[in-house]
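For reference, input08.cif (mmCIF, C-alpha atoms and all ligand atoms):
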```
data_input
loop_
_atom_site.group_PDB
_atom_site.id
_atom_site.type_symbol
_atom_site.label_atom_id
_atom_site.label_comp_id
_atom_site.auth_asym_id
_atom_site.auth_seq_id
_atom_site.Cartn_x
_atom_site.Cartn_y
_atom_site.Cartn_z
ATOM 1 C CA MET A 1 -51.042 -27.794 43.814
ATOM 2 C CA ASN A 2 -50.257 -30.708 41.537
ATOM 3 C CA GLN A 3 -53.462 -30.891 39.587
ATOM 4 C CA ILE A 4 -52.971 -29.876 35.953
ATOM 5 C CA ILE A 5 -55.445 -27.175 34.908
ATOM 6 C CA LEU A 6 -54.053 -26.460 31.427
ATOM 7 C CA SER A 7 -51.888 -28.520 29.120
ATOM 8 C CA GLY A 8 -50.567 -28.257 25.594
ATOM 9 C CA ARG A 9 -49.208 -31.073 23.445
ATOM 10 C CA GLY A 10 -47.066 -30.445 20.370
ATOM 11 C CA VAL A 11 -48.516 -26.953 20.031
ATOM 12 C CA GLY A 12 -47.481 -25.000 16.943
ATOM 13 C CA LYS A 13 -48.439 -21.995 14.849
ATOM 14 C CA THR A 14 -47.020 -20.935 11.506
ATOM 15 C CA PHE A 15 -47.382 -17.601 9.728
ATOM 16 C CA GLY A 16 -46.441 -18.443 6.154
ATOM 17 C CA ALA A 17 -43.012 -20.047 6.383
ATOM 18 C CA LEU A 18 -42.383 -18.762 9.915
ATOM 19 C CA LYS A 19 -42.772 -21.222 12.776
ATOM 20 C CA ALA A 20 -43.801 -18.661 15.400
ATOM 21 C CA VAL A 21 -44.390 -21.461 17.938
ATOM 22 C CA TRP A 22 -43.345 -25.020 17.255
ATOM 23 C CA ASP A 23 -43.891 -28.355 18.977
ATOM 24 C CA VAL A 24 -44.274 -26.911 22.461
ATOM 25 C CA ASP A 25 -45.477 -29.079 25.335
ATOM 26 C CA PHE A 26 -46.524 -27.344 28.524
ATOM 27 C CA GLU A 27 -48.480 -27.866 31.699
ATOM 28 C CA VAL A 28 -49.904 -25.363 34.138
ATOM 29 C CA LYS A 29 -50.738 -26.607 37.617
ATOM 30 C CA ARG A 30 -53.833 -25.363 39.380
ATOM 31 C CA GLY A 31 -52.889 -22.568 41.760
ATOM 32 C CA GLU A 32 -49.505 -21.750 40.305
ATOM 33 C CA ILE A 33 -48.016 -18.650 38.738
ATOM 34 C CA LEU A 34 -46.233 -19.745 35.584
ATOM 35 C CA GLY A 35 -43.934 -17.250 33.885
ATOM 36 C CA ILE A 36 -43.156 -17.219 30.167
ATOM 37 C CA ILE A 37 -40.025 -15.412 29.049
ATOM 38 C CA GLY A 38 -37.937 -15.178 25.909
ATOM 39 C CA PRO A 39 -36.532 -12.650 23.440
ATOM 40 C CA ASN A 40 -38.735 -10.422 21.257
ATOM 41 C CA GLY A 41 -40.462 -12.524 18.630
ATOM 42 C CA ALA A 42 -39.932 -15.780 20.574
ATOM 43 C CA GLY A 43 -43.621 -16.685 20.264
ATOM 44 C CA LYS A 44 -44.892 -15.792 23.744
ATOM 45 C CA THR A 45 -47.925 -13.748 22.670
ATOM 46 C CA THR A 46 -48.700 -16.252 19.905
ATOM 47 C CA LEU A 47 -48.814 -19.033 22.505
ATOM 48 C CA LEU A 48 -51.128 -16.994 24.740
ATOM 49 C CA SER A 49 -53.401 -16.262 21.778
ATOM 50 C CA MET A 50 -53.674 -19.967 20.993
ATOM 51 C CA ILE A 51 -54.654 -20.665 24.605
ATOM 52 C CA ASN A 52 -57.490 -18.140 24.639
ATOM 53 C CA GLY A 53 -58.580 -18.970 21.088
ATOM 54 C CA THR A 54 -57.807 -15.696 19.318
ATOM 55 C CA LEU A 55 -55.393 -17.693 17.110
ATOM 56 C CA SER A 56 -55.996 -21.187 15.769
ATOM 57 C CA LEU A 57 -53.350 -23.899 16.130
ATOM 58 C CA THR A 58 -51.387 -25.181 13.137
ATOM 59 C CA ARG A 59 -50.586 -28.350 15.050
ATOM 60 C CA GLY A 60 -51.068 -29.941 18.479
ATOM 61 C CA SER A 61 -53.826 -29.452 21.019
ATOM 62 C CA ILE A 62 -54.593 -27.568 24.221
ATOM 63 C CA SER A 63 -56.764 -28.856 27.071
ATOM 64 C CA PHE A 64 -58.299 -26.976 29.985
ATOM 65 C CA LYS A 65 -59.553 -29.053 32.906
ATOM 66 C CA ASP A 66 -59.468 -32.223 30.792
ATOM 67 C CA GLN A 67 -61.465 -30.710 27.952
ATOM 68 C CA VAL A 68 -59.869 -30.008 24.590
ATOM 69 C CA ILE A 69 -60.290 -26.261 24.010
ATOM 70 C CA SER A 70 -58.190 -25.743 20.887
ATOM 71 C CA GLY A 71 -60.673 -25.152 18.085
ATOM 72 C CA LEU A 72 -63.214 -23.404 20.317
ATOM 73 C CA LYS A 73 -64.130 -19.758 19.772
ATOM 74 C CA PRO A 74 -62.606 -17.209 22.201
ATOM 75 C CA PHE A 75 -65.976 -16.445 23.821
ATOM 76 C CA ARG A 76 -66.510 -20.142 24.594
ATOM 77 C CA ILE A 77 -63.038 -20.377 26.119
ATOM 78 C CA ALA A 78 -63.813 -17.270 28.200
ATOM 79 C CA GLU A 79 -67.017 -18.893 29.446
ATOM 80 C CA LEU A 80 -65.010 -21.923 30.535
ATOM 81 C CA GLY A 81 -62.915 -19.676 32.800
ATOM 82 C CA ILE A 82 -59.912 -18.330 30.879
ATOM 83 C CA SER A 83 -59.378 -14.631 30.300
ATOM 84 C CA ARG A 84 -56.453 -12.556 29.074
ATOM 85 C CA THR A 85 -54.988 -9.096 28.795
ATOM 86 C CA PHE A 86 -53.533 -7.769 25.555
ATOM 87 C CA GLN A 87 -49.934 -6.594 25.200
ATOM 88 C CA ILE A 88 -51.182 -3.706 23.089
ATOM 89 C CA VAL A 89 -53.918 -2.376 25.329
ATOM 90 C CA LYS A 90 -57.222 -2.265 23.520
ATOM 91 C CA PRO A 91 -59.878 -0.460 25.540
ATOM 92 C CA PHE A 92 -63.237 -0.012 23.869
ATOM 93 C CA PRO A 93 -63.043 3.615 22.691
ATOM 94 C CA GLY A 94 -65.710 6.204 23.421
ATOM 95 C CA MET A 95 -66.662 4.407 26.620
ATOM 96 C CA THR A 96 -66.081 4.977 30.311
ATOM 97 C CA LEU A 97 -64.076 2.669 32.567
ATOM 98 C CA LEU A 98 -67.305 1.333 34.038
ATOM 99 C CA GLU A 99 -68.659 0.476 30.586
ATOM 100 C CA ASN A 100 -65.370 -1.107 29.506
ATOM 101 C CA VAL A 101 -65.123 -3.357 32.532
ATOM 102 C CA SER A 102 -68.847 -4.230 32.638
ATOM 103 C CA ILE A 103 -68.466 -5.854 29.244
ATOM 104 C CA GLY A 104 -66.091 -8.346 30.843
ATOM 105 C CA ALA A 105 -68.612 -9.083 33.579
ATOM 106 C CA LEU A 106 -71.386 -9.634 31.022
ATOM 107 C CA PHE A 107 -69.382 -12.059 28.898
ATOM 108 C CA GLY A 108 -67.315 -14.016 31.411
ATOM 109 C CA LYS A 109 -67.754 -17.305 33.186
ATOM 110 C CA ASP A 110 -70.802 -16.323 35.264
ATOM 111 C CA LYS A 111 -72.412 -14.376 32.413
ATOM 112 C CA ILE A 112 -73.998 -11.817 34.692
ATOM 113 C CA ARG A 113 -77.190 -10.764 32.939
ATOM 114 C CA ASP A 114 -78.263 -8.093 35.377
ATOM 115 C CA ALA A 115 -76.776 -4.673 34.523
ATOM 116 C CA LYS A 116 -76.877 -3.517 38.160
ATOM 117 C CA GLU A 117 -75.039 -6.598 39.347
ATOM 118 C CA ALA A 118 -72.472 -6.151 36.578
ATOM 119 C CA ARG A 119 -71.983 -2.542 37.712
ATOM 120 C CA GLU A 120 -71.433 -3.577 41.313
ATOM 121 C CA ARG A 121 -68.961 -6.255 40.311
ATOM 122 C CA THR A 122 -67.204 -3.683 38.137
ATOM 123 C CA ARG A 123 -66.882 -1.150 40.955
ATOM 124 C CA ALA A 124 -65.307 -3.774 43.194
ATOM 125 C CA ILE A 125 -62.835 -4.736 40.481
ATOM 126 C CA LEU A 126 -61.910 -1.134 39.693
ATOM 127 C CA SER A 127 -61.100 -0.760 43.347
ATOM 128 C CA THR A 128 -58.968 -3.942 43.239
ATOM 129 C CA VAL A 129 -56.843 -2.464 40.444
ATOM 130 C CA ASN A 130 -56.623 0.920 42.190
ATOM 131 C CA LEU A 131 -58.952 2.773 39.804
ATOM 132 C CA ARG A 132 -61.660 3.401 42.370
ATOM 133 C CA GLY A 133 -63.738 6.498 41.800
ATOM 134 C CA GLN A 134 -62.796 6.717 38.128
ATOM 135 C CA GLU A 135 -65.703 4.714 36.752
ATOM 136 C CA ASN A 136 -67.115 7.602 34.747
ATOM 137 C CA VAL A 137 -63.800 8.678 33.232
ATOM 138 C CA ALA A 138 -63.470 8.189 29.461
ATOM 139 C CA VAL A 139 -60.766 5.641 28.569
ATOM 140 C CA GLU A 140 -59.080 8.163 26.287
ATOM 141 C CA ASN A 141 -58.044 10.129 29.388
ATOM 142 C CA LEU A 142 -56.046 7.324 31.001
ATOM 143 C CA ASN A 143 -52.262 7.222 31.206
ATOM 144 C CA ILE A 144 -50.275 4.045 30.437
ATOM 145 C CA SER A 145 -50.312 2.733 33.983
ATOM 146 C CA GLU A 146 -54.077 3.257 34.256
ATOM 147 C CA ARG A 147 -54.631 1.634 30.850
ATOM 148 C CA LYS A 148 -52.675 -1.436 31.925
ATOM 149 C CA ARG A 149 -54.795 -1.682 35.070
ATOM 150 C CA LEU A 150 -58.004 -1.226 33.073
ATOM 151 C CA GLU A 151 -56.884 -4.078 30.827
ATOM 152 C CA LEU A 152 -56.388 -6.200 33.932
ATOM 153 C CA ALA A 153 -59.778 -5.139 35.293
ATOM 154 C CA ARG A 154 -61.551 -6.213 32.107
ATOM 155 C CA ALA A 155 -59.929 -9.632 32.304
ATOM 156 C CA LEU A 156 -60.788 -9.948 36.014
ATOM 157 C CA ALA A 157 -64.401 -8.998 35.399
ATOM 158 C CA MET A 158 -64.768 -12.373 33.694
ATOM 159 C CA ASP A 159 -63.836 -13.981 37.031
ATOM 160 C CA PRO A 160 -61.287 -16.310 35.413
ATOM 161 C CA GLU A 161 -59.906 -19.462 37.002
ATOM 162 C CA LEU A 162 -56.948 -19.043 34.664
ATOM 163 C CA LEU A 163 -55.704 -15.531 33.996
ATOM 164 C CA LEU A 164 -53.313 -14.869 31.092
ATOM 165 C CA LEU A 165 -51.242 -11.694 31.429
ATOM 166 C CA ASP A 166 -49.252 -10.306 28.498
ATOM 167 C CA GLU A 167 -46.717 -7.703 29.648
ATOM 168 C CA VAL A 168 -48.937 -5.845 32.086
ATOM 169 C CA MET A 169 -45.831 -4.178 33.543
ATOM 170 C CA ALA A 170 -44.323 -2.848 30.299
ATOM 171 C CA GLY A 171 -43.786 0.908 30.452
ATOM 172 C CA LEU A 172 -44.430 1.154 34.189
ATOM 173 C CA ASN A 173 -42.081 2.647 36.780
ATOM 174 C CA THR A 174 -40.629 0.705 39.724
ATOM 175 C CA THR A 175 -43.341 1.738 42.176
ATOM 176 C CA GLU A 176 -46.070 0.759 39.722
ATOM 177 C CA ILE A 177 -44.333 -2.559 38.981
ATOM 178 C CA ASN A 178 -44.096 -3.383 42.686
ATOM 179 C CA TRP A 179 -47.783 -2.613 43.073
ATOM 180 C CA ILE A 180 -48.768 -4.898 40.172
ATOM 181 C CA MET A 181 -46.534 -7.662 41.531
ATOM 182 C CA ALA A 182 -48.337 -7.481 44.873
ATOM 183 C CA LEU A 183 -51.686 -7.518 43.079
ATOM 184 C CA ILE A 184 -50.750 -10.612 41.019
ATOM 185 C CA ARG A 185 -49.698 -12.394 44.223
ATOM 186 C CA LYS A 186 -52.995 -11.443 45.846
ATOM 187 C CA LEU A 187 -55.034 -12.684 42.860
ATOM 188 C CA ASN A 188 -53.133 -15.943 43.103
ATOM 189 C CA GLU A 189 -52.992 -16.489 46.867
ATOM 190 C CA LYS A 190 -56.191 -14.829 48.140
ATOM 191 C CA GLU A 191 -58.477 -15.308 45.143
ATOM 192 C CA GLY A 192 -57.063 -18.688 44.132
ATOM 193 C CA ARG A 193 -56.510 -17.829 40.481
ATOM 194 C CA THR A 194 -54.008 -19.697 38.366
ATOM 195 C CA ILE A 195 -51.903 -17.185 36.452
ATOM 196 C CA LEU A 196 -49.795 -17.392 33.331
ATOM 197 C CA VAL A 197 -47.656 -14.314 32.953
ATOM 198 C CA ILE A 198 -45.478 -13.048 30.111
ATOM 199 C CA GLU A 199 -43.013 -10.380 31.158
ATOM 200 C CA HIS A 200 -39.686 -8.844 30.173
ATOM 201 C CA VAL A 201 -39.178 -7.202 33.579
ATOM 202 C CA MET A 202 -36.817 -9.812 35.051
ATOM 203 C CA LYS A 203 -37.009 -8.730 38.673
ATOM 204 C CA ALA A 204 -40.797 -9.069 38.483
ATOM 205 C CA ILE A 205 -41.076 -12.372 36.642
ATOM 206 C CA MET A 206 -38.345 -13.989 38.743
ATOM 207 C CA GLY A 207 -40.022 -12.595 41.872
ATOM 208 C CA ILE A 208 -43.586 -13.787 41.303
ATOM 209 C CA SER A 209 -43.320 -16.994 39.252
ATOM 210 C CA HIS A 210 -43.338 -20.421 40.862
ATOM 211 C CA ARG A 211 -42.060 -21.846 37.615
ATOM 212 C CA ILE A 212 -40.855 -20.405 34.308
ATOM 213 C CA ILE A 213 -40.917 -21.593 30.699
ATOM 214 C CA VAL A 214 -38.432 -20.083 28.233
ATOM 215 C CA LEU A 215 -39.250 -19.768 24.535
ATOM 216 C CA HIS A 216 -36.710 -19.027 21.818
ATOM 217 C CA HIS A 217 -37.505 -18.990 18.092
ATOM 218 C CA GLY A 218 -40.845 -20.642 18.874
ATOM 219 C CA ARG A 219 -39.321 -23.551 20.784
ATOM 220 C CA LYS A 220 -39.304 -24.286 24.486
ATOM 221 C CA ILE A 221 -35.627 -24.222 25.461
ATOM 222 C CA ALA A 222 -35.919 -24.444 29.241
ATOM 223 C CA GLU A 223 -38.351 -24.922 32.085
ATOM 224 C CA GLY A 224 -37.822 -24.732 35.834
ATOM 225 C CA THR A 225 -37.828 -22.641 38.980
ATOM 226 C CA PRO A 226 -36.661 -19.005 38.679
ATOM 227 C CA GLU A 227 -33.408 -20.125 40.320
ATOM 228 C CA GLN A 228 -32.850 -22.899 37.754
ATOM 229 C CA ILE A 229 -33.749 -20.604 34.854
ATOM 230 C CA SER A 230 -31.389 -17.852 36.037
ATOM 231 C CA ASN A 231 -28.510 -20.325 36.026
ATOM 232 C CA ASP A 232 -29.342 -22.100 32.772
ATOM 233 C CA GLU A 233 -26.584 -21.602 30.202
ATOM 234 C CA LYS A 234 -28.986 -21.868 27.237
ATOM 235 C CA VAL A 235 -31.238 -19.191 28.710
ATOM 236 C CA ILE A 236 -28.333 -16.901 29.561
ATOM 237 C CA SER A 237 -26.977 -17.057 26.018
ATOM 238 C CA ALA A 238 -30.393 -16.786 24.297
ATOM 239 C CA TYR A 239 -31.975 -14.153 26.491
ATOM 240 C CA LEU A 240 -30.706 -13.118 29.881
ATOM 241 C CA GLY A 241 -27.186 -12.281 28.750
ATOM 242 C CA GLU A 242 -23.885 -12.577 30.590
ATOM 243 C CA ARG A 243 -24.402 -9.234 32.304
ATOM 244 C CA TYR A 244 -27.541 -10.483 34.027
ATOM 245 C CA ALA A 245 -25.768 -13.667 35.168
ATOM 246 C CA LYS A 246 -22.788 -11.687 36.505
ATOM 247 C CA ARG A 247 -25.002 -9.199 38.323
ATOM 248 C CA ARG A 248 -26.852 -12.016 40.030
ATOM 249 C CA ALA A 249 -23.649 -13.755 41.010
ATOM 250 C CA GLU A 250 -22.313 -10.622 42.722
HETATM 251 N N1 LIG A 301 -50.414 -12.213 12.919
HETATM 252 C C1 LIG A 301 -49.155 -12.436 12.553
HETATM 253 N N2 LIG A 301 -48.795 -12.558 11.249
HETATM 254 C C2 LIG A 301 -47.531 -12.795 10.888
HETATM 255 N N3 LIG A 301 -46.512 -12.961 11.749
HETATM 256 C C3 LIG A 301 -46.791 -12.850 13.054
HETATM 257 C C4 LIG A 301 -48.112 -12.584 13.524
HETATM 258 N N4 LIG A 301 -48.093 -12.543 14.882
HETATM 259 C C5 LIG A 301 -46.821 -12.751 15.245
HETATM 260 N N5 LIG A 301 -46.030 -12.946 14.153
HETATM 261 C C6 LIG A 301 -44.596 -13.258 14.181
HETATM 262 O O1 LIG A 301 -44.427 -14.426 14.974
HETATM 263 C C7 LIG A 301 -43.272 -14.326 15.787
HETATM 264 C C8 LIG A 301 -43.664 -14.446 17.237
HETATM 265 O O2 LIG A 301 -44.366 -13.274 17.622
HETATM 266 P P1 LIG A 301 -44.939 -13.047 19.082
HETATM 267 O O3 LIG A 301 -45.721 -11.788 19.046
HETATM 268 O O4 LIG A 301 -45.626 -14.264 19.546
HETATM 269 O O5 LIG A 301 -43.583 -12.839 19.912
HETATM 270 P P2 LIG A 301 -43.380 -12.418 21.440
HETATM 271 O O6 LIG A 301 -42.527 -13.474 22.062
HETATM 272 O O7 LIG A 301 -44.678 -12.117 22.073
HETATM 273 O O8 LIG A 301 -42.486 -11.088 21.280
HETATM 274 P P3 LIG A 301 -42.471 -9.717 22.137
HETATM 275 O O9 LIG A 301 -41.630 -10.008 23.350
HETATM 276 O O10 LIG A 301 -41.808 -8.739 21.235
HETATM 277 O O11 LIG A 301 -43.888 -9.365 22.474
HETATM 278 C C9 LIG A 301 -42.613 -13.002 15.413
HETATM 279 O O12 LIG A 301 -41.626 -13.248 14.450
HETATM 280 C C10 LIG A 301 -43.759 -12.184 14.858
HETATM 281 O O13 LIG A 301 -43.299 -11.225 13.919
HETATM 282 MG MG MG A 302 -45.543 -10.453 22.836
#
```
What is this file in structure tokens?
Amino acid sequence: MNQIILSGRGVGKTFGALKAVWDVDFEVKRGEILGIIGPNGAGKTTLLSMINGTLSLTRGSISFKDQVISGLKPFRIAELGISRTFQIVKPFPGMTLLENVSIGALFGKDKIRDAKEARERTRAILSTVNLRGQENVAVENLNISERKRLELARALAMDPELLLLDEVMAGLNTTEINWIMALIRKLNEKEGRTILVIEHVMKAIMGISHRIIVLHHGRKIAEGTPEQISNDEKVISAYLGERYAKRRAE
């Protein structure tokens, strides 16, 4: 579990005068679940977008399996084995679930060229995310929980070694959150995927992450086990709040 699959050195992104992410070093070990937390606007999504290539870097570099990937186009990075979900779910409109997810299978690491094979892979994945039997439903008819799972399915269809999840639990109820947590654990433990997960749901991120990185105003302010992070004074004052710390202590 100590092999580094992804690393960033001095990573930064500016939007005009704003340093959305600045001088961040990070490492993700193969096989781990790494959580990223921090207040709204801390730079979490920006960091994820630099990893998968949807945003360019202003400074620094990112390497995946010893290859520099910063500067590559998102589709190339996807082919190398990294896929992501979007915080604001973006299904392809006017298409069914099957069509939406098949696109992932056609463009991912294995680049399945056979439509039938892509369909079979898609059916299996829809079943993994508990959307079995809904392949012919139009995406417009999905509720928030189903949309989140479709987003996950599209990312999984690319068969990623490294899966980047951006708030897949936002807006879900406790039962749905527990189900997604179990799924993330399964993708990690049974399917051997390395997972980087951004989440505001504390119970979930503390429960599934092996390690957590905390961003604040674009900077990394802490890194450690969920236990260490929960007790870190900087993190409590920047993000978790005294109430969270007190509740945990009780
Ligand atoms: N395309 C953009 N153009 C200009 N500013 C941006 C852009 N994307 C993000 N920002 C700004 O960069 C900062 C970091 O945003 P980012 O979306 O990465 O935060 P976040 O940690 O994901 O927040 P949240 O928890 O609310 O999702 C914010 O101040 C945001 O307004
Ligand atoms: Mg975000």
Next item on the list: Please write as an MDAnalysis selection string the full residue list that the PyMOL selection byres (((chain A and resi 28) around 7) and not hetatm) yields on this file.
Entry: chainID A and resid 4:7 26:27 29:30 34
Step by step, gather every atom of segment 72-83 of chain A that the file lists, find the box along x, y and z that holds them, add 3 Å on each side, and finally give centre and edge lengths in Å to one decimal, as AutoDock Vina command-line options.
```
--center_x -63.2 --center_y -19.0 --center_z 26.3 --size_x 13.6 --size_y 14.8 --size_z 19.0
```
Checklist line | Answer key for the PyMOL selection byres (((chain A and resi 77) around 12) and not hetatm), residues as a PyMOL selection string | finding: chain A and resi 49-54+62-65+67-76+78-84+107-109+158+160-163
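Using only C-alpha atoms and all ligand atoms, the nearest neighbour of ligand LIG 301 (chain A) within the list A:Arg113, A:His200, A:Arg185, A:His210 is A:His200.
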Item checked: From A:Glu146, A:Glu233, A:Asp159, A:Asp166, residue lying nearest Thr122 of chain A [all atoms listed in the file] ->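 Counting all atoms listed in the file, the residue closest to Thr122 of chain A is A:Asp159.
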Check: Written as a ChimeraX atom specification, what is the full residue list that the PyMOL selection byres (((not hetatm)) within 9 of (chain A and resi 302)) yields on the file shown?
Finding: /A:40-46,48,86-88,166-167,198-199
Resulting file, chosen residues, C-alpha atoms, as a PDB file, keeping the file's coordinate frame:
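Output contents, as saved in selection_19.pdb:
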```pdb
ATOM      1  CA  ASN A  40     -38.735 -10.422  21.257  1.00  0.00           C
ATOM      2  CA  GLY A  41     -40.462 -12.524  18.630  1.00  0.00           C
ATOM      3  CA  ALA A  42     -39.932 -15.780  20.574  1.00  0.00           C
ATOM      4  CA  GLY A  43     -43.621 -16.685  20.264  1.00  0.00           C
ATOM      5  CA  LYS A  44     -44.892 -15.792  23.744  1.00  0.00           C
ATOM      6  CA  THR A  45     -47.925 -13.748  22.670  1.00  0.00           C
ATOM      7  CA  THR A  46     -48.700 -16.252  19.905  1.00  0.00           C
ATOM      8  CA  LEU A  48     -51.128 -16.994  24.740  1.00  0.00           C
ATOM      9  CA  PHE A  86     -53.533  -7.769  25.555  1.00  0.00           C
ATOM     10  CA  GLN A  87     -49.934  -6.594  25.200  1.00  0.00           C
ATOM     11  CA  ILE A  88     -51.182  -3.706  23.089  1.00  0.00           C
ATOM     12  CA  ASP A 166     -49.252 -10.306  28.498  1.00  0.00           C
ATOM     13  CA  GLU A 167     -46.717  -7.703  29.648  1.00  0.00           C
ATOM     14  CA  ILE A 198     -45.478 -13.048  30.111  1.00  0.00           C
ATOM     15  CA  GLU A 199     -43.013 -10.380  31.158  1.00  0.00           C
TER      16      GLU A 199
END
```
Notebook entry, point to check: At most 12 Å from (-39.9, -22.1, 34.6), file frame, only C-alpha atoms: which residues, as an MDAnalysis selection string?
Noted result: chainID A and resid 26:28 32:38 196:198 205:215 220:232 235
Export of the given selection (C-alpha atoms) as an mmCIF file, in the coordinates of the input:
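Saved to selection32.cif:
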```
data_model
loop_
_atom_site.group_PDB
_atom_site.id
_atom_site.type_symbol
_atom_site.label_atom_id
_atom_site.label_comp_id
_atom_site.auth_asym_id
_atom_site.auth_seq_id
_atom_site.Cartn_x
_atom_site.Cartn_y
_atom_site.Cartn_z
ATOM 1 C CA PHE A 26 -46.524 -27.344 28.524
ATOM 2 C CA GLU A 27 -48.480 -27.866 31.699
ATOM 3 C CA VAL A 28 -49.904 -25.363 34.138
ATOM 4 C CA GLU A 32 -49.505 -21.750 40.305
ATOM 5 C CA ILE A 33 -48.016 -18.650 38.738
ATOM 6 C CA LEU A 34 -46.233 -19.745 35.584
ATOM 7 C CA GLY A 35 -43.934 -17.250 33.885
ATOM 8 C CA ILE A 36 -43.156 -17.219 30.167
ATOM 9 C CA ILE A 37 -40.025 -15.412 29.049
ATOM 10 C CA GLY A 38 -37.937 -15.178 25.909
ATOM 11 C CA LEU A 196 -49.795 -17.392 33.331
ATOM 12 C CA VAL A 197 -47.656 -14.314 32.953
ATOM 13 C CA ILE A 198 -45.478 -13.048 30.111
ATOM 14 C CA ILE A 205 -41.076 -12.372 36.642
ATOM 15 C CA MET A 206 -38.345 -13.989 38.743
ATOM 16 C CA GLY A 207 -40.022 -12.595 41.872
ATOM 17 C CA ILE A 208 -43.586 -13.787 41.303
ATOM 18 C CA SER A 209 -43.320 -16.994 39.252
ATOM 19 C CA HIS A 210 -43.338 -20.421 40.862
ATOM 20 C CA ARG A 211 -42.060 -21.846 37.615
ATOM 21 C CA ILE A 212 -40.855 -20.405 34.308
ATOM 22 C CA ILE A 213 -40.917 -21.593 30.699
ATOM 23 C CA VAL A 214 -38.432 -20.083 28.233
ATOM 24 C CA LEU A 215 -39.250 -19.768 24.535
ATOM 25 C CA LYS A 220 -39.304 -24.286 24.486
ATOM 26 C CA ILE A 221 -35.627 -24.222 25.461
ATOM 27 C CA ALA A 222 -35.919 -24.444 29.241
ATOM 28 C CA GLU A 223 -38.351 -24.922 32.085
ATOM 29 C CA GLY A 224 -37.822 -24.732 35.834
ATOM 30 C CA THR A 225 -37.828 -22.641 38.980
ATOM 31 C CA PRO A 226 -36.661 -19.005 38.679
ATOM 32 C CA GLU A 227 -33.408 -20.125 40.320
ATOM 33 C CA GLN A 228 -32.850 -22.899 37.754
ATOM 34 C CA ILE A 229 -33.749 -20.604 34.854
ATOM 35 C CA SER A 230 -31.389 -17.852 36.037
ATOM 36 C CA ASN A 231 -28.510 -20.325 36.026
ATOM 37 C CA ASP A 232 -29.342 -22.100 32.772
ATOM 38 C CA VAL A 235 -31.238 -19.191 28.710
#
```
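If you measure from each of A:Ala182, A:Ala249, A:Leu47, A:Val24 to ligand LIG 301 (chain A) using only C-alpha atoms and all ligand atoms, the closest one turns out to be A:Leu47.
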Notebook entry, point to check: By how many Å are atom O9 of ligand LIG 301 (chain A) and atom CA of Gly192 of chain A apart?
Noted result: 27.3 Å
Next item on the list: Quote the spacing between atom CA of Gln3 of chain A and atom CA of Ser56 of chain A in Å to one decimal place.
Entry: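 Rounded to one decimal, the two atoms are 25.8 Å apart.
When all atoms listed in the file are used to compute distances to ligand LIG 301 (chain A), the closest of the residues A:Val201, A:Lys190, A:Lys116, A:Phe92 turns out to be A:Val201.
Residues within 12 Å of Asn173 of chain A, counting only C-alpha atoms and excluding same-chain residues fewer than 4 positions away, are Ile144, Ser145, Val168, Met169, Ile177, Asn178, Trp179, Ile180, Val201 and Ala204 of chain A.
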Please produce an output containing C-alpha atoms for each residue in the selection, written as a PDB file, in the coordinates of the input.
```
ATOM      1  CA  ILE A 144     -50.275   4.045  30.437  1.00  0.00           C
ATOM      2  CA  SER A 145     -50.312   2.733  33.983  1.00  0.00           C
ATOM      3  CA  VAL A 168     -48.937  -5.845  32.086  1.00  0.00           C
ATOM      4  CA  MET A 169     -45.831  -4.178  33.543  1.00  0.00           C
ATOM      5  CA  ILE A 177     -44.333  -2.559  38.981  1.00  0.00           C
ATOM      6  CA  ASN A 178     -44.096  -3.383  42.686  1.00  0.00           C
ATOM      7  CA  TRP A 179     -47.783  -2.613  43.073  1.00  0.00           C
ATOM      8  CA  ILE A 180     -48.768  -4.898  40.172  1.00  0.00           C
ATOM      9  CA  VAL A 201     -39.178  -7.202  33.579  1.00  0.00           C
ATOM     10  CA  ALA A 204     -40.797  -9.069  38.483  1.00  0.00           C
TER      11      ALA A 204
END
```
What would segment 136-143 of chain A look like if you wrote it out as an mmCIF file, in the first residue's frame, with N, CA and C atoms included, from the block I just posted?
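Generated file (out.cif):
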```cif
data_model
loop_
_atom_site.group_PDB
_atom_site.id
_atom_site.type_symbol
_atom_site.label_atom_id
_atom_site.label_comp_id
_atom_site.auth_asym_id
_atom_site.auth_seq_id
_atom_site.Cartn_x
_atom_site.Cartn_y
_atom_site.Cartn_z
ATOM 1 N N ASN A 136 -33.131 2.081 -19.971
ATOM 2 C CA ASN A 136 -33.809 2.821 -21.033
ATOM 3 C C ASN A 136 -34.538 4.070 -20.565
ATOM 4 N N VAL A 137 -34.343 4.407 -19.279
ATOM 5 C CA VAL A 137 -34.965 5.614 -18.730
ATOM 6 C C VAL A 137 -34.191 6.841 -19.228
ATOM 7 N N ALA A 138 -34.920 7.916 -19.536
ATOM 8 C CA ALA A 138 -34.254 9.160 -19.948
ATOM 9 C C ALA A 138 -33.678 9.852 -18.717
ATOM 10 N N VAL A 139 -32.487 10.428 -18.847
ATOM 11 C CA VAL A 139 -31.807 11.005 -17.666
ATOM 12 C C VAL A 139 -32.624 12.123 -17.021
ATOM 13 N N GLU A 140 -33.445 12.776 -17.806
ATOM 14 C CA GLU A 140 -34.266 13.870 -17.269
ATOM 15 C C GLU A 140 -35.202 13.382 -16.164
ATOM 16 N N ASN A 141 -35.513 12.071 -16.169
ATOM 17 C CA ASN A 141 -36.480 11.552 -15.200
ATOM 18 C C ASN A 141 -35.851 11.091 -13.886
ATOM 19 N N LEU A 142 -34.557 11.307 -13.721
ATOM 20 C CA LEU A 142 -33.897 10.816 -12.507
ATOM 21 C C LEU A 142 -33.973 11.830 -11.372
ATOM 22 N N ASN A 143 -34.101 11.314 -10.146
ATOM 23 C CA ASN A 143 -34.016 12.199 -8.979
ATOM 24 C C ASN A 143 -32.541 12.414 -8.604
#
```
